[in-house]
Each structure stands twice: as structure tokens, then as C-alpha cells.
Number of protein chains: 2
Amino acid sequence: MVLATLPSSARPIGVFDSGVGGLTVLRALAAALPHEQYLYLGDTARLPYGTKSPGTVVRYALQCADELVERGIKCLVIACNTASAAALPAIRDRHPELPVVGVVEPGAEAACAVSRGGRIAVLATEGTVRGGAYQQAIARRRPEARVTAVACSLFVALAEEGWTDGAVAEAAAQRYLAALCADPATAPDSLVLGCTHFPVLRAVIARVAGSEVAIVDSAETTAQATAAGLATRGLVRVGGGAAEFRFLGTDSAERFARVGSRFLGREIRADEVELVDL
Amino acid sequence: MVLATLPSSARPIGVFDSGVGGLTVLRALAAALPHEQYLYLGDTARLPYGTKSPGTVVRYALQCADELVERGIKCLVIACNTASAAALPAIRDRHPELPVVGVVEPGAEAACAVSRGGRIAVLATEGTVRGGAYQQAIARRRPEARVTAVACSLFVALAEEGWTDGAVAEAAAQRYLAALCADPATAPDSLVLGCTHFPVLRAVIARVAGSEVAIVDSAETTAQATAAGLATRGLVRVGGGAAEFRFLGTDSAERFARVGSRFLGREIRADEVELVDL
């Protein structure tokens, strides 16, 4: 393999997600580490992971990780909350030499740092909520915290449809959050966007939650954790130019490019997306 | 195989869908053919099909059909618009001896029968809209018809979430339909529910579309087409008791039962769902 002859720091950073939502993490990574090469894999044929059982998510996530490892990445970022919650230990077991960063621990870390009263709400997919990984990660850091987790499945569809503002997004946010925020027993002081699709809905979520509620986007803290991990290991790329992106998908390059552009915040062309069969 | 020794009419009717939305078709089948045994397969690990490429949908649909054929069904109903549109010919080629009914042709037939002015709107998934199967099936019957197809991806998420009425469903229906119905150039006189998820949203869709617009649910006409096909071949079960159901899923029996109960209109228990690996 050609990449094996490259010095380690020159190798790409691998990122995977169930689809294109993880491009919000890629965007944050490129801001924090602007001279790297990125290899992003979206398992678009099998999304969403959020409604699947843990066993299935682990199986799919291992296949994604294997594909990226074979292509010579220097570290792996799991840019999917569901896969981070279910499959991080299995991926570390399979690839013990590889630095692996998930989005749950950095998100929990950030929530614990910004929450003044320890009343934290996690908005996530069904799978992430049921798995309890955020609840546990927060409890390890702040055992006194009162954590509420809310499965917001419709936010995924809204983000994919591009309906990130307007009456439908507003009504959905109201339905998920109004009761939670109105009840003094559950009203959070901070709110974790525990799904990579949700940052594009940040404005409407913040408006419904109220201005006194801090919004935590795990994309940014994950990027910081990745940068710190690479720096510790001497793996930050030096002397590189601007960030470079390569995209892999498991279905429909056209849809990957069209929907993905919204999440990455820059245009992706269909011919930039290579299809792979996992 | 034990089933091979049964007379043909005593064998089960096979039904498959990408998930649990096809249970609306199963419900209509059981009403039209109340003494049959039904074997329903929901490919819940790989849903949705509606955003996948035609090649992937054909591959998945053939695996579903093969699984049911191996279990000795007497006919096959493709209770998924996306799979009917993309994979019906491939399934008939693979299993030439098996009667196969899709939902697109019966839906188009019904729309052409009820539309007075030939102005027909098809509400469907992205994949079904892009494939053009409804548009073609309607044009074959009424070449003068003016057909508009609208991809309503969010309706799938709303139906799965159980938000079939209320502010979010209303706002989504408004966003998809208001402009279409307000413009005299496109205003339909009939509207096809071209996705098996959509019948549970029928009331809100009808309210937004207006009382003069006829709503066509392909589940009912598909059940009638299936009944007619079985009668022609002498395959209707005689002397049977009430309808019997067996359920197969490819992921999470618990979610299949919980969400599926809404679509079937009767309770499904998780222990009634057998998991299969396709």
C-alpha cells in the first residue's frame, strides 16, 4: 500500500458516520486542524443507525472502521453518536494501535463544563438515548447531575430535508422540548446536541429552549479532543496546505453530495464521492 | 420442507416491506382475504429504501423475496412503493412461477378511476418520485392526465414517530401541499398516497388538500388485486379460520412490535417477531 511508506503524520484522519450528518464533525475538525487530509466515510446505504439494535450498529461500525484502516488512516473519529455509544470499545479492541475518538465523551465533558446547576438534557436518536452512554459519561464526571435524555427522531428527517427553520422545525422543537423546559423539575440549564444531524437545527432549538439554556455541540469538543490526541502522539501534520477532503459513501453519490453540502457548509460534487461496498 | 407437502392454497401469502409501513397493506389484505395465513417480512435493519439508489433497492428486494419463497409462500405482495417501483421486474424474472403483486400498478389504476379531471398528484418517497413508476403507470392508462409527483420524506418520520396529527403534521402537510393545491396550474383533483407510511397521515393530508380532492390509498386496491389474482389461480384458502400472522424482521423485534402496532391497527408483541439475517 502506497500510504504505508508515508510518515505517520502525513496520513489522513479517518472519519465515519452512518450518513452525512457527521460532516458537521468534519467541518469542526477542519477548523481545528486546518492542514490535514481527511477521509470521510458515510454509510449512506444503511443509515440511519439511530433506530437499529446495538448488535447491528457494532457490526456496521466495525466494517466502516476496517475500510478506513485499510486505507491507511493515522487516527479515527467516530462522528456518529449512536456508533460512538455502541461500538467504541469494539473498534478499540479490533484496532488497538489506532487512536480512536468518539463524540460522546467529548460531548459529555463539554456539557459538564458549561452546566451551572447540573441539569443537563441530551437530545439524541432513539438508539443513543436507550443505550445510556451520555447519561453514564455525564454521571462519571458529575455524579450529582440530573440528566434527561430525549429521543428526537424527527430532527434527523428535518435536517436531511433541509427544513432547518420555519413552521415545521419550530413545531417539532416545541413538541420535543416545551414540556421539558416548562417543568421546573426537569428544566435543563444546558442541552447537548447528541446527534450529528442536530447542529443545523441549533437556532430553532435554542429559540425554543430559551436564551438562558447553554447549547453544547459535541462536534467542536470532539475536534479539540482529536487535536489534543494527535499533538500528544506527534501526529499533527506539519507543512501541509489547506485541508483536503476525500469522501466515501455506500450508496448514491448524488444524494451524498446534495444533502451533505448542507452539513459540511461547502459544496460537495457527486464526482468527489467514491462508492464502496461494505 | 414441510410446507411443500401442503396443498398450494393452504400456503401463506408473503408480504414484504422495507420496514413496518407495509403493515397498512397487510391490514387491507386481511380485510379482503380474511381466512389466509400471512408471512410478513420487514427489512427493518436496512430501512428506509426510499432514499437509496435503484440498484441497492433491487438487491435488497431480491433478498427479501428469496427469504419468503424459501419459506413456501403461494404468492408475494411487495408492500413497499419504492421496491415495487424498482424491483418488480427483477423479482418476477427470478421467480417466474410465483404470482407477484406490487403496490404501484393498483395505486395508479385506482387514481385513474377516481380522478375526474385527470389532475393527479402522487405523494411518495424520493426514490419512488425519481424512478417515475407512478407517472408512467398513470400515463399508460390515461395519457392525457397531468401528474405531479411530490417527495414527502418527512411524512415517513412523522408516521414512525406516531405524530399523525397535531401541529407538526399539519405544518409539514402545509409545506408539501399548500403551493401545489393553491396553484390552479397544478391543483390536483386526486391524490395518491404512494408510500405505505402515508395512510396513517390520511386525515391531515385530506384536511390540507381540501374536501374536493379524492385520496387514493393503494393498500386497498393492492389487496383487491391480490384477491383477484388468487381467485383466478384457485389459490384462495377455503375452510380456514381467522387470518393468521407471522412476522419476520431484520432488526430489533421490540421496535418492530412497538411501531408496527400503529400501522397494523392491532397489537404486535415483540415475541411474535422472528429475526432473520438477509
# chains A, B, ... in the order shown; residues from 1 in each chain; ligands from 1
call {"tool": "calpha_fit_and_write", "arguments": {"fixed": "chain B", "moving": "chain A", "output": "CSV table (one decimal) with C-alpha atoms, in the first residue's frame"}}
result
chain,number,residue,atom,x,y,z
A,1,MET,CA,-39.6,-28.5,3.7
A,2,VAL,CA,-42.9,-29.2,5.5
A,3,LEU,CA,-44.8,-26.6,3.6
A,4,ALA,CA,-44.1,-28.3,0.3
A,5,THR,CA,-46.5,-31.1,1.2
A,6,LEU,CA,-49.4,-28.7,1.8
A,7,PRO,CA,-51.9,-28.0,-1.0
A,8,SER,CA,-51.0,-24.7,-2.6
A,9,SER,CA,-54.0,-22.8,-1.4
A,10,ALA,CA,-53.1,-23.6,2.2
A,11,ARG,CA,-49.7,-21.9,2.0
A,12,PRO,CA,-49.2,-18.4,3.4
A,13,ILE,CA,-49.2,-15.1,1.4
A,14,GLY,CA,-45.8,-13.5,1.6
A,15,VAL,CA,-45.6,-9.7,2.1
A,16,PHE,CA,-42.5,-7.6,2.4
A,17,ASP,CA,-41.6,-4.0,3.0
A,18,SER,CA,-38.5,-2.0,3.9
A,19,GLY,CA,-39.9,-1.8,7.4
A,20,VAL,CA,-43.3,-1.7,9.2
A,21,GLY,CA,-45.1,0.8,6.9
A,22,GLY,CA,-46.2,-2.2,4.8
A,23,LEU,CA,-48.4,-3.4,7.7
A,24,THR,CA,-51.0,-0.9,6.3
A,25,VAL,CA,-51.1,-3.2,3.2
A,26,LEU,CA,-51.2,-6.3,5.4
A,27,ARG,CA,-54.2,-4.8,7.2
A,28,ALA,CA,-56.0,-4.3,3.9
A,29,LEU,CA,-55.1,-7.8,2.7
A,30,ALA,CA,-56.5,-9.3,5.9
A,31,ALA,CA,-59.7,-7.4,5.4
A,32,ALA,CA,-60.1,-8.6,1.7
A,33,LEU,CA,-58.8,-12.1,2.4
A,34,PRO,CA,-59.8,-12.9,6.0
A,35,HIS,CA,-59.0,-16.6,6.1
A,36,GLU,CA,-55.4,-16.6,4.9
A,37,GLN,CA,-52.1,-17.1,6.7
A,38,TYR,CA,-49.7,-14.2,6.2
A,39,LEU,CA,-45.9,-14.1,6.4
A,40,TYR,CA,-44.7,-10.5,6.7
A,41,LEU,CA,-41.1,-9.5,6.4
A,42,GLY,CA,-39.9,-6.0,7.3
A,43,ASP,CA,-36.3,-5.3,6.4
A,44,THR,CA,-36.0,-3.0,9.4
A,45,ALA,CA,-32.2,-3.2,9.6
A,46,ARG,CA,-31.9,-1.5,6.2
A,47,LEU,CA,-34.8,0.8,6.0
A,48,PRO,CA,-35.6,3.3,4.5
A,49,TYR,CA,-35.5,2.1,0.9
A,50,GLY,CA,-36.9,5.5,-0.2
A,51,THR,CA,-33.6,7.4,-0.2
A,52,LYS,CA,-31.5,4.5,-1.7
A,53,SER,CA,-30.4,4.0,-5.3
A,54,PRO,CA,-32.4,1.7,-7.6
A,55,GLY,CA,-29.5,-0.8,-7.7
A,56,THR,CA,-29.4,-1.1,-4.0
A,57,VAL,CA,-33.2,-1.4,-3.7
A,58,VAL,CA,-33.3,-4.2,-6.3
A,59,ARG,CA,-30.6,-6.1,-4.4
A,60,TYR,CA,-32.3,-5.8,-1.0
A,61,ALA,CA,-35.8,-6.6,-2.5
A,62,LEU,CA,-34.5,-9.8,-4.2
A,63,GLN,CA,-33.1,-11.0,-0.8
A,64,CYS,CA,-36.5,-10.3,0.8
A,65,ALA,CA,-38.3,-12.2,-1.9
A,66,ASP,CA,-35.9,-15.1,-1.8
A,67,GLU,CA,-36.3,-15.4,2.0
A,68,LEU,CA,-40.1,-15.6,1.7
A,69,VAL,CA,-40.0,-18.0,-1.3
A,70,GLU,CA,-37.8,-20.4,0.7
A,71,ARG,CA,-40.5,-20.4,3.4
A,72,GLY,CA,-43.1,-21.7,0.9
A,73,ILE,CA,-45.4,-18.8,0.1
A,74,LYS,CA,-48.1,-19.1,-2.6
A,75,CYS,CA,-47.9,-15.5,-3.8
A,76,LEU,CA,-45.9,-12.4,-3.0
A,77,VAL,CA,-47.1,-8.9,-2.3
A,78,ILE,CA,-44.5,-6.1,-2.4
A,79,ALA,CA,-45.9,-3.8,0.1
A,80,CYS,CA,-43.4,-1.1,-0.5
A,81,ASN,CA,-43.8,1.5,-3.2
A,82,THR,CA,-40.0,2.1,-3.6
A,83,ALA,CA,-39.4,-1.7,-4.0
A,84,SER,CA,-42.4,-2.1,-6.3
A,85,ALA,CA,-41.2,0.7,-8.5
A,86,ALA,CA,-37.6,-0.5,-8.7
A,87,ALA,CA,-37.6,-4.3,-8.3
A,88,LEU,CA,-40.9,-5.9,-9.5
A,89,PRO,CA,-39.5,-7.0,-12.9
A,90,ALA,CA,-36.3,-8.4,-11.3
A,91,ILE,CA,-38.4,-10.4,-8.8
A,92,ARG,CA,-40.6,-11.8,-11.5
A,93,ASP,CA,-37.6,-12.8,-13.5
A,94,ARG,CA,-36.1,-14.6,-10.5
A,95,HIS,CA,-39.3,-16.3,-9.6
A,96,PRO,CA,-41.3,-16.8,-12.8
A,97,GLU,CA,-43.7,-19.4,-11.2
A,98,LEU,CA,-44.7,-17.0,-8.4
A,99,PRO,CA,-47.7,-14.6,-8.6
A,100,VAL,CA,-46.2,-11.2,-7.6
A,101,VAL,CA,-48.2,-8.1,-6.9
A,102,GLY,CA,-46.7,-4.6,-6.4
A,103,VAL,CA,-48.5,-1.6,-5.0
A,104,VAL,CA,-47.7,0.9,-7.8
A,105,GLU,CA,-50.0,-0.6,-10.6
A,106,PRO,CA,-53.0,-1.0,-8.3
A,107,GLY,CA,-52.5,2.5,-7.0
A,108,ALA,CA,-52.2,4.0,-10.5
A,109,GLU,CA,-55.3,2.1,-11.5
A,110,ALA,CA,-57.3,3.5,-8.6
A,111,ALA,CA,-56.1,7.0,-9.2
A,112,CYS,CA,-57.1,6.9,-12.9
A,113,ALA,CA,-60.5,5.5,-11.9
A,114,VAL,CA,-61.4,8.2,-9.3
A,115,SER,CA,-59.8,11.2,-11.0
A,116,ARG,CA,-62.5,13.3,-12.7
A,117,GLY,CA,-60.3,15.9,-14.4
A,118,GLY,CA,-57.1,13.8,-14.8
A,119,ARG,CA,-55.1,16.0,-12.5
A,120,ILE,CA,-53.3,13.6,-10.2
A,121,ALA,CA,-50.7,14.2,-7.5
A,122,VAL,CA,-48.6,11.4,-6.2
A,123,LEU,CA,-47.1,11.8,-2.7
A,124,ALA,CA,-44.2,9.4,-2.3
A,125,THR,CA,-40.6,8.9,-1.2
A,126,GLU,CA,-37.7,10.5,-3.0
A,127,GLY,CA,-36.8,7.2,-4.7
A,128,THR,CA,-40.3,6.5,-5.9
A,129,VAL,CA,-40.7,10.0,-7.3
A,130,ARG,CA,-37.3,9.9,-9.1
A,131,GLY,CA,-38.0,6.5,-10.5
A,132,GLY,CA,-41.1,7.7,-12.2
A,133,ALA,CA,-43.0,4.4,-12.0
A,134,TYR,CA,-46.3,6.0,-10.9
A,135,GLN,CA,-46.1,8.7,-13.5
A,136,GLN,CA,-45.6,6.0,-16.2
A,137,ALA,CA,-48.2,3.7,-14.8
A,138,ILE,CA,-50.8,6.5,-14.8
A,139,ALA,CA,-49.7,7.7,-18.3
A,140,ARG,CA,-50.2,4.2,-19.7
A,141,ARG,CA,-53.9,4.3,-18.5
A,142,ARG,CA,-54.7,8.0,-19.1
A,143,PRO,CA,-52.2,9.6,-21.4
A,144,GLU,CA,-53.9,12.9,-21.1
A,145,ALA,CA,-53.5,13.0,-17.3
A,146,ARG,CA,-51.4,15.8,-15.7
A,147,VAL,CA,-49.4,14.1,-13.0
A,148,THR,CA,-47.4,15.9,-10.3
A,149,ALA,CA,-45.1,13.8,-8.0
A,150,VAL,CA,-44.1,15.2,-4.6
A,151,ALA,CA,-41.3,13.7,-2.5
A,152,CYS,CA,-42.6,13.9,1.1
A,153,SER,CA,-39.7,12.4,3.1
A,154,LEU,CA,-40.8,13.9,6.4
A,155,PHE,CA,-44.1,12.0,6.3
A,156,VAL,CA,-42.2,8.8,6.8
A,157,ALA,CA,-40.5,10.1,10.0
A,158,LEU,CA,-43.8,11.6,11.2
A,159,ALA,CA,-45.6,8.2,10.8
A,160,GLU,CA,-42.8,6.3,12.5
A,161,GLU,CA,-42.8,8.8,15.4
A,162,GLY,CA,-46.6,8.4,15.7
A,163,TRP,CA,-47.1,12.1,15.2
A,164,THR,CA,-50.0,11.6,12.8
A,165,ASP,CA,-52.0,14.6,13.8
A,166,GLY,CA,-51.3,17.9,15.6
A,167,ALA,CA,-49.2,21.0,14.8
A,168,VAL,CA,-46.1,19.2,13.3
A,169,ALA,CA,-48.0,17.0,10.9
A,170,GLU,CA,-50.2,19.9,9.9
A,171,ALA,CA,-47.3,22.2,9.2
A,172,ALA,CA,-45.5,19.5,7.2
A,173,ALA,CA,-48.6,18.8,5.1
A,174,GLN,CA,-49.0,22.5,4.5
A,175,ARG,CA,-45.4,22.8,3.4
A,176,TYR,CA,-45.6,19.9,1.0
A,177,LEU,CA,-49.1,20.6,-0.3
A,178,ALA,CA,-50.2,24.2,0.1
A,179,ALA,CA,-48.4,25.6,-3.0
A,180,LEU,CA,-49.4,22.6,-5.1
A,181,CYS,CA,-53.1,22.8,-4.2
A,182,ALA,CA,-53.3,26.6,-4.4
A,183,ASP,CA,-51.9,26.9,-7.9
A,184,PRO,CA,-54.7,26.3,-10.5
A,185,ALA,CA,-52.0,25.0,-12.9
A,186,THR,CA,-51.1,22.1,-10.6
A,187,ALA,CA,-54.1,21.7,-8.2
A,188,PRO,CA,-54.9,18.0,-8.2
A,189,ASP,CA,-58.4,16.5,-8.1
A,190,SER,CA,-57.0,13.3,-6.7
A,191,LEU,CA,-54.0,12.4,-4.6
A,192,VAL,CA,-52.2,9.1,-4.4
A,193,LEU,CA,-50.7,8.0,-1.0
A,194,GLY,CA,-47.7,6.5,-2.8
A,195,CYS,CA,-45.8,5.3,0.3
A,196,THR,CA,-47.1,2.7,2.8
A,197,HIS,CA,-46.3,5.0,5.7
A,198,PHE,CA,-48.7,7.7,4.5
A,199,PRO,CA,-52.2,6.1,5.2
A,200,VAL,CA,-51.8,6.9,8.9
A,201,LEU,CA,-51.5,10.6,7.9
A,202,ARG,CA,-54.5,10.4,5.7
A,203,ALA,CA,-56.7,12.7,7.9
A,204,VAL,CA,-54.3,15.6,8.0
A,205,ILE,CA,-53.4,15.2,4.3
A,206,ALA,CA,-57.1,15.3,3.4
A,207,ARG,CA,-57.7,18.3,5.5
A,208,VAL,CA,-54.9,20.3,3.9
A,209,ALA,CA,-55.7,19.2,0.4
A,210,GLY,CA,-59.3,20.1,0.7
A,211,SER,CA,-62.5,18.2,0.8
A,212,GLU,CA,-62.9,18.1,-3.0
A,213,VAL,CA,-59.7,16.1,-3.5
A,214,ALA,CA,-60.1,12.3,-3.7
A,215,ILE,CA,-57.5,10.4,-1.6
A,216,VAL,CA,-56.3,7.1,-3.1
A,217,ASP,CA,-54.7,4.6,-0.7
A,218,SER,CA,-53.0,1.9,-2.8
A,219,ALA,CA,-53.2,-0.6,0.1
A,220,GLU,CA,-56.9,-1.2,-0.5
A,221,THR,CA,-56.6,-1.6,-4.3
A,222,THR,CA,-53.5,-3.8,-3.9
A,223,ALA,CA,-55.5,-6.1,-1.6
A,224,GLN,CA,-58.2,-6.3,-4.2
A,225,ALA,CA,-55.7,-7.1,-7.0
A,226,THR,CA,-54.2,-9.8,-4.8
A,227,ALA,CA,-57.6,-11.3,-4.1
A,228,ALA,CA,-58.5,-11.3,-7.8
A,229,GLY,CA,-55.1,-12.9,-8.7
A,230,LEU,CA,-55.5,-15.7,-6.2
A,231,ALA,CA,-59.1,-16.3,-7.2
A,232,THR,CA,-58.1,-16.7,-10.9
A,233,ARG,CA,-55.5,-19.3,-10.0
A,234,GLY,CA,-57.7,-21.2,-7.5
A,235,LEU,CA,-55.3,-20.2,-4.7
A,236,VAL,CA,-57.8,-18.7,-2.2
A,237,ARG,CA,-57.7,-20.6,1.1
A,238,VAL,CA,-61.0,-22.2,1.8
A,239,GLY,CA,-62.3,-23.5,5.2
A,240,GLY,CA,-59.6,-21.6,7.1
A,241,GLY,CA,-60.3,-19.8,10.4
A,242,ALA,CA,-59.4,-16.2,11.1
A,243,ALA,CA,-56.4,-14.6,9.4
A,244,GLU,CA,-53.1,-15.6,11.0
A,245,PHE,CA,-49.9,-13.5,11.0
A,246,ARG,CA,-46.3,-14.3,11.3
A,247,PHE,CA,-43.7,-11.5,11.4
A,248,LEU,CA,-40.1,-11.5,10.3
A,249,GLY,CA,-37.8,-8.6,10.9
A,250,THR,CA,-34.1,-7.9,10.2
A,251,ASP,CA,-33.5,-5.8,13.3
A,252,SER,CA,-35.0,-5.1,16.8
A,253,ALA,CA,-38.1,-7.1,17.4
A,254,GLU,CA,-39.0,-4.6,20.2
A,255,ARG,CA,-39.1,-1.6,17.8
A,256,PHE,CA,-40.9,-3.7,15.1
A,257,ALA,CA,-43.7,-4.5,17.6
A,258,ARG,CA,-43.9,-1.0,19.1
A,259,VAL,CA,-44.0,1.0,15.9
A,260,GLY,CA,-45.7,-1.7,13.8
A,261,SER,CA,-48.7,-1.9,16.0
A,262,ARG,CA,-49.7,1.6,14.9
A,263,PHE,CA,-49.6,0.6,11.2
A,264,LEU,CA,-51.3,-2.8,11.6
A,265,GLY,CA,-54.0,-1.4,13.9
A,266,ARG,CA,-53.7,-4.3,16.3
A,267,GLU,CA,-51.1,-5.0,19.0
A,268,ILE,CA,-47.9,-6.9,17.9
A,269,ARG,CA,-45.9,-8.4,20.7
A,270,ALA,CA,-42.1,-8.5,20.4
A,271,ASP,CA,-42.0,-12.2,20.9
A,272,GLU,CA,-44.2,-12.6,17.7
A,273,VAL,CA,-41.3,-11.2,15.6
A,274,GLU,CA,-38.7,-13.6,14.4
A,275,LEU,CA,-35.3,-12.0,13.5
A,276,VAL,CA,-33.7,-13.1,10.2
A,277,ASP,CA,-30.4,-12.2,8.7
A,278,LEU,CA,-30.6,-11.4,5.0
call {"tool": "select_by_dssp", "arguments": {"residues": "stretch 2-200 of chain B", "states": "strand (DSSP E or B)", "output": "PyMOL selection string"}}
result
chain B and resi 13-17+37-42+75-78+100-101+119-124+146-151+190-194
call {"tool": "select_by_dssp", "arguments": {"residues": "stretch 86-203 of chain B", "states": "alpha helix (DSSP H)", "output": "PyMOL selection string"}}
result
chain B and resi 86-94+104-114+126-131+133-141+153-161+167-182+202-203
